[in-house]
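Participant: Sharing a structure with you now.
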Amino acid sequence: MTARGLSTEAARRLLEEHGANELPAEHGPGPLRILAGQFTGLMVWLLIAASALSAFLGEVADAVAIGVIVLVNAGIGFAQEYRAERAMDALRAMTAPRARVVRDGHTTMIPAAQVVVGDLLVLDAGDVVAADARLVEASALSTNEASLTGESMPVEKGTEPTRDAAPLAERTDHVFMGTAVATGSGRAEVAATGRATELGQIAGMLASTRAEETPLEAHLRRVGRTLALGCVVIVALVAISGLVRGDPWGEVVISGISLAVAAVPEGLAAIVTIALALGVQRMAARRALVRRLPAVEALGCATVICTDKTGTLTTGKMRVRELWGRDHDEVVRAAIACSDAELDATGLDGTGDPTEVALVVAGAERGIRREDIEERQPRVAVHPFDAVRKRMSIRRADGRVYVKGAPDLVLPRVVEGDVAGATEQNRAMAARGLRVLAVAVGARDDESELTLVGLVGLADPPRTEAIAAIAAARAAGIRTVMITGDQALTARAIARELGLLTGADDEREVVHARATPEDKLRIVREWKSRGEIVAMTGDGVNDAPALREAHIGIAMGKTGTDVAREAASIVLTDDDFATIIEAVREGRGIFENIQKTLVYLLAGNMAELALVVGAALLGLPLPLTALQILWINLVTDSLPALALVMDPADADVLRRPPRPPSQPILGASQWRTVAFVALVEASVVLATYAWALDARDGVEARNLAFSVLVFSEVLRSFAARSPARVFFATDVLSNLKLVAVVALTILVQLGIHHVPFTQELFEIGAISMADCALSLFLGAVPVTVIEIAKLLGARVPRAPARTSPA
């Protein structure tokens with residue numbers, strides 16, 4: 001490589017040979033594929049078949065109603081899943097759109113995509129590096145690699161070669177695509193472009209990972225399959241028995257359609273989506289934005305949270321943590337006199353090198369301002385910091401030279417001061433994970449014969465709220481694992497301060513330092529292989545593959561890169577670890593709400609199924625039409641169900657261990673509840689229907705059966721709030737929506753009996769006041785039985801914290 005760079009012709013040949021300096025494109029499923037995926041479930045095809053058969057038999061209203069339900073559920077699913085897979089687009093956006101290179105001996109600006117191996121990059125502060133390159137010149141050069149390596153401080157760069165096997169964060173003789181030049185200038189020979197770069201390899205890992213199915217999605221899929229298969233078996237048995245008895249095939253088909261409609265909880269998909277959407281709203285109020293709905297609930301069963309350190313567990317800003325010297329104010333004053341950073345208007349932050357910003361902030365807290373120093377003692381000469389000297393000095397008008405830098409290079413130049421004490425203190429500070437600066441003054445421009453002023457210990461301090469959040473996570477049975485690009489010493493010191501390391505913890509499991517993107521992906525996969533539900537937080541490009549691989553990816557909204565946000569399911573707008581724990585609370589509450597709502601809905605479906613089957617086995621006419629069953633499932637059941645999913649989370653939800661991933665949403669105890677409630681409800685309605693058929697005509701019998709079943713299901717929602725406590729022990733005022741919905745549903749149900757259009761649509765007649773009272777009385781029997789069972793101690797079972805699948 002010469003200072004003239006490549007020739008234009010050589011660059012053209014290399015571009016043709018190796019291709020453009022671009023990252024590989026990733027193409028997710030298109031809209032049509034996502035839409036088609038909404039019609040793959042067994043329950044969906046069961047309803048489609050029911051709609052087609054209804055149309056074939058001339059039952060147009062039934063066919064249209066069932067068809068609309070299928071389309072509405074498909075639309076909800078499509079809206080939930082359809083989001084652009086923009087992770088690779090964001091990666092490409094990170095790369096420099098243009099780059100300065102030396103071609104034919106001249107510096108020229110070219111599109112970054114045209115950079116080739118062998119090009120000579122020209123770098124200055126603020127530039128985005130266009131490709132991976134080896135430095136051939138460097139002057140006070142440092143780069144910000146936090147998004148790539150996780151290193152919280154700018155990395156000093158130089159031309160001295162490093163070993164090939166060195167970790168990415170320690171390869172100081174290279175600059176990398178997508179990182180930014182923080183200070184200084186340099187020239188670098190391009191060593192890799194496009195997918196061969198470190199960023200390109202991360203892109204390859206990102207493409208090889210996939211969004212993990214959440215526990216809720218898996219459980220609901222299994223419930224749907226079980227219901228659909230059970231329904232097919234029951235419909236087949238009832239149809240066979242009807243044909244054996246000699247029933248007309250048309251009646252047999254209509255009975256089958258009614259059974260199919262009764263068995264499928266048509267409103268379930270919408271209810272679950274709305275429950276998750278409500279969780280999204282509550283989490284947004286807690287500064288957590290959800291990009292993928294099922295992640296709301298999945299976070300509730302997280303057992304491990306793998307988290308980045310910088311900006312999540314810590315503030316993300318360097319601060320002065322310790323001072324050593326005879327006069328602390330004088331140590332700060334001398335350090336600021338050798339700084340260039342500017343304080344902002346708030347006095348809490350500034351612009352410039354992060355270390356110097358920490359110094360001027362510490363000065364402002366003590367009433368020492370760099371502006372005052374510049375005014376009273378203007379600078380005369382500056383000897384800037386560089387990677388070889390590892391120190392900086394400024395001569396001021398008072399005749400003094402102010403020096404700050406690495407203790408191992410400043411202390412040997414000291415002739416006055418406690419060097420031995422400073423050396424010992426330097427080791428102690430470094431052992432606590434602090435970055436240490438030695439501060440001295442002198443009179444010589446060659447920075448010799450210095451007088452020691454003191455030492456400054458700096459670090460990115462832990463967030464106060466993160467310490468409490470980690471303790472809360474531990475109480476909730478969640479293990480916090482810190483993964484960082486920082487050095488091991490720094491990582492261990494912060495881990496101890498955060499309370500991550502206790503006597504029972506294995507440091508190798510909970511603290512991972514100098515982690516590469518491959519390490520992060522490996523750590524997530526290892527925890528998953530143990531059967532844990534893993535949440536991963538991150539903000540950099542290096543975090544993106546692990547964010548995608550984890551069950552729940554959580555990106556930082558303030559400091560996070562576009563790549564990290566696109567790969568994640570949840571984005572924290574305040575970059576605060578404590579927000580994650582609040583989101584866990586919401587997730588656990590959402591699961592419990594969905595679980596009890598699912599039990600409520602399925603108990604109603606099983607009651608309808610038992611009612612239709614029981615009537616068929618007794619040789620009675622169908623007590624309900626398919627349209628009546630749809631009305632019950634979609635209106636009189638779904639409205640109370642919507643109110644149930646709005647229940648607030650229990651106060652002790654974070655004092656319980658997370659449920660194991662293998663625990664189904666419907667365990668043995670929930671299925672027993674469904675069977676018990678369905679048996680009670682179906683028995684009451686079937687007995688009422690049989691009595692009315694004998695004492696009255698068929699229309700009145702169907703009127704009573706229809707209304708008793710509706711009233712039974714809406715009143716039963718009061719008992720569904722808790723499997724162990726009676727309704728009045730569940731804090732009635734915490735869900736007044738449920739009370740209002742039950743009252744409204746009862747009024748609507750009574751109303752449809754007196755409107756000519758709905759009378760014809762549902763094949764019902766007017767209902768007298770006496771029958772109204774009778775229906776309400778009989779409808780209250782099931783909820784009364786359930787509540788008495790709770791009081792007697794034979795409670796409707798609740799799934800314990802840890803059970804095996806039924």
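Each chain in the structure tokens gets a letter, A, B and so on, in the order shown; residues start at 1 in every chain, and ligands are counted from 1 in the order they appear.
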Quick one: residues within 6 Å of A:Asn21, only C-alpha atoms, excluding same-chain residues fewer than 5 positions away - as a count of residues only?

Facilitator: 3

Participant: Residues at most 9 Å from A:Thr516, counting only C-alpha atoms, excluding those fewer than 3 positions away in the same chain, as a PyMOL selection string?

Facilitator: chain A and resi 148-150+167-169+484-485+513+519-521+542-543

Participant: List every residue of stretch 90-320 of chain A that DSSP, applied to the backbone of this structure, assigns to helix (DSSP H, G or I), and report them as a count of residues only.

Facilitator: 101

Participant: Could you check the closest approach to A:Pro294 for each of A:Val677, A:Met177, A:Ile570, A:Val117 and tell me which residue wins, using only C-alpha atoms?

Facilitator: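 Once distances to A:Pro294 are computed over only C-alpha atoms, the minimum belongs to A:Ile570.
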
Participant: Please provide as an MDAnalysis selection string all residues within 12 Å of A:Asp247, with the sequence filter that same-chain residues fewer than 5 positions apart are discarded (counting only C-alpha atoms).

Facilitator: chainID A and resid 238:242 252:255 616 619:621

Participant: Could you take the residues named above and write them with C-alpha atoms, as a PDB file, in the first residue's frame?

Facilitator:
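Wrote it out as part-v9.pdb, contents follow:
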```pdb
ATOM      1  CA  VAL A 238     -73.549 -37.451  17.093  1.00  0.00           C
ATOM      2  CA  ALA A 239     -73.962 -37.570  13.296  1.00  0.00           C
ATOM      3  CA  ILE A 240     -73.507 -41.346  13.245  1.00  0.00           C
ATOM      4  CA  SER A 241     -76.031 -41.809  16.068  1.00  0.00           C
ATOM      5  CA  GLY A 242     -78.524 -39.562  14.256  1.00  0.00           C
ATOM      6  CA  VAL A 252     -78.010 -34.310  11.060  1.00  0.00           C
ATOM      7  CA  VAL A 253     -75.893 -31.756   9.201  1.00  0.00           C
ATOM      8  CA  ILE A 254     -77.573 -28.820  10.953  1.00  0.00           C
ATOM      9  CA  SER A 255     -76.957 -30.517  14.315  1.00  0.00           C
ATOM     10  CA  ALA A 616     -79.705 -35.175  20.759  1.00  0.00           C
ATOM     11  CA  GLY A 619     -84.185 -37.379  21.225  1.00  0.00           C
ATOM     12  CA  LEU A 620     -85.232 -33.773  21.860  1.00  0.00           C
ATOM     13  CA  PRO A 621     -85.303 -31.051  19.190  1.00  0.00           C
TER      14      PRO A 621
END
```

Participant: Figure out the distance between atom CA of A:Cys338 and atom CA of A:Gly405, please, to one decimal in Å.

Facilitator: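 Atom-to-atom, atom CA of A:Gly405 and atom CA of A:Cys338 are spaced 9.8 Å apart.
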
Participant: Work out how far apart atom CA of A:Leu642 and atom CA of A:Leu601 are and give it in Å to one decimal.

Facilitator: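 Atom CA of A:Leu601 lies at a distance of 10.8 Å from atom CA of A:Leu642.
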
Participant: Select, from A:Thr179, A:Ser669, A:Thr314, A:Thr162, the residue with the minimum atom-to-atom distance to A:Leu498, counting only C-alpha atoms.

Facilitator: A:Thr314

Participant: Could you pull the residues within 10 Å of A:Ala284, counting only C-alpha atoms, minus those fewer than 5 positions along the same chain, as a PyMOL selection string?

Facilitator: chain A and resi 278-279+289-290+571-573+583

Participant: What is the atom CA of A:Phe39 to atom CA of A:Val68 distance in Å?

Facilitator: 13.5 Å

Participant: Closest to A:Ser142 among A:Ile478, A:Gly126, A:Val181, A:Asp694, using only C-alpha atoms?

Facilitator: A:Val181

Participant: Do a neighbour search on A:Lys558 at 12 Å with only C-alpha atoms, toss out local chain neighbours closer than 5 positions, and write the hits as number ranges by chain.

Facilitator: A: 287-288, 311-312, 315-316, 538-540, 564-565, 571-576

Participant: Would you mind listing what lies within 9 Å of A:Val410 as a short mmCIF file (atom, residue, chain, number, x, y, z; two decimals) with C-alpha atoms, in the first residue's frame, with only C-alpha atoms counted and same-chain residues fewer than 6 positions away left out?

Facilitator:
```cif
data_model
loop_
_atom_site.label_atom_id
_atom_site.label_comp_id
_atom_site.auth_asym_id
_atom_site.auth_seq_id
_atom_site.Cartn_x
_atom_site.Cartn_y
_atom_site.Cartn_z
CA LYS A 390 -1.46 8.55 27.20
CA ARG A 391 -1.52 12.01 28.73
CA VAL A 403 -1.05 17.48 33.14
CA LYS A 404 -3.50 14.60 33.37
CA LEU A 437 -6.32 9.60 36.01
CA ALA A 438 -3.25 11.11 37.63
CA VAL A 439 -3.29 14.94 37.85
CA ALA A 440 -0.08 16.94 38.18
CA GLU A 447 6.00 17.45 31.11
CA LEU A 450 6.00 17.42 37.94
CA LEU A 452 1.56 15.45 42.01
#
```

Participant: Mind the document's chain letters and residue numbers, and return as a count of residues only the residues of stretch 480-668 of chain A that DSSP labels strand (DSSP E or B).

Facilitator: 19

Participant: Stretch 12-16 of chain A: which residues within 8 Å, counting only C-alpha atoms, same-chain residues fewer than 4 positions away excluded, as JSON, numbers by chain?

Facilitator: {"A": [8, 20, 114, 115, 116, 117]}
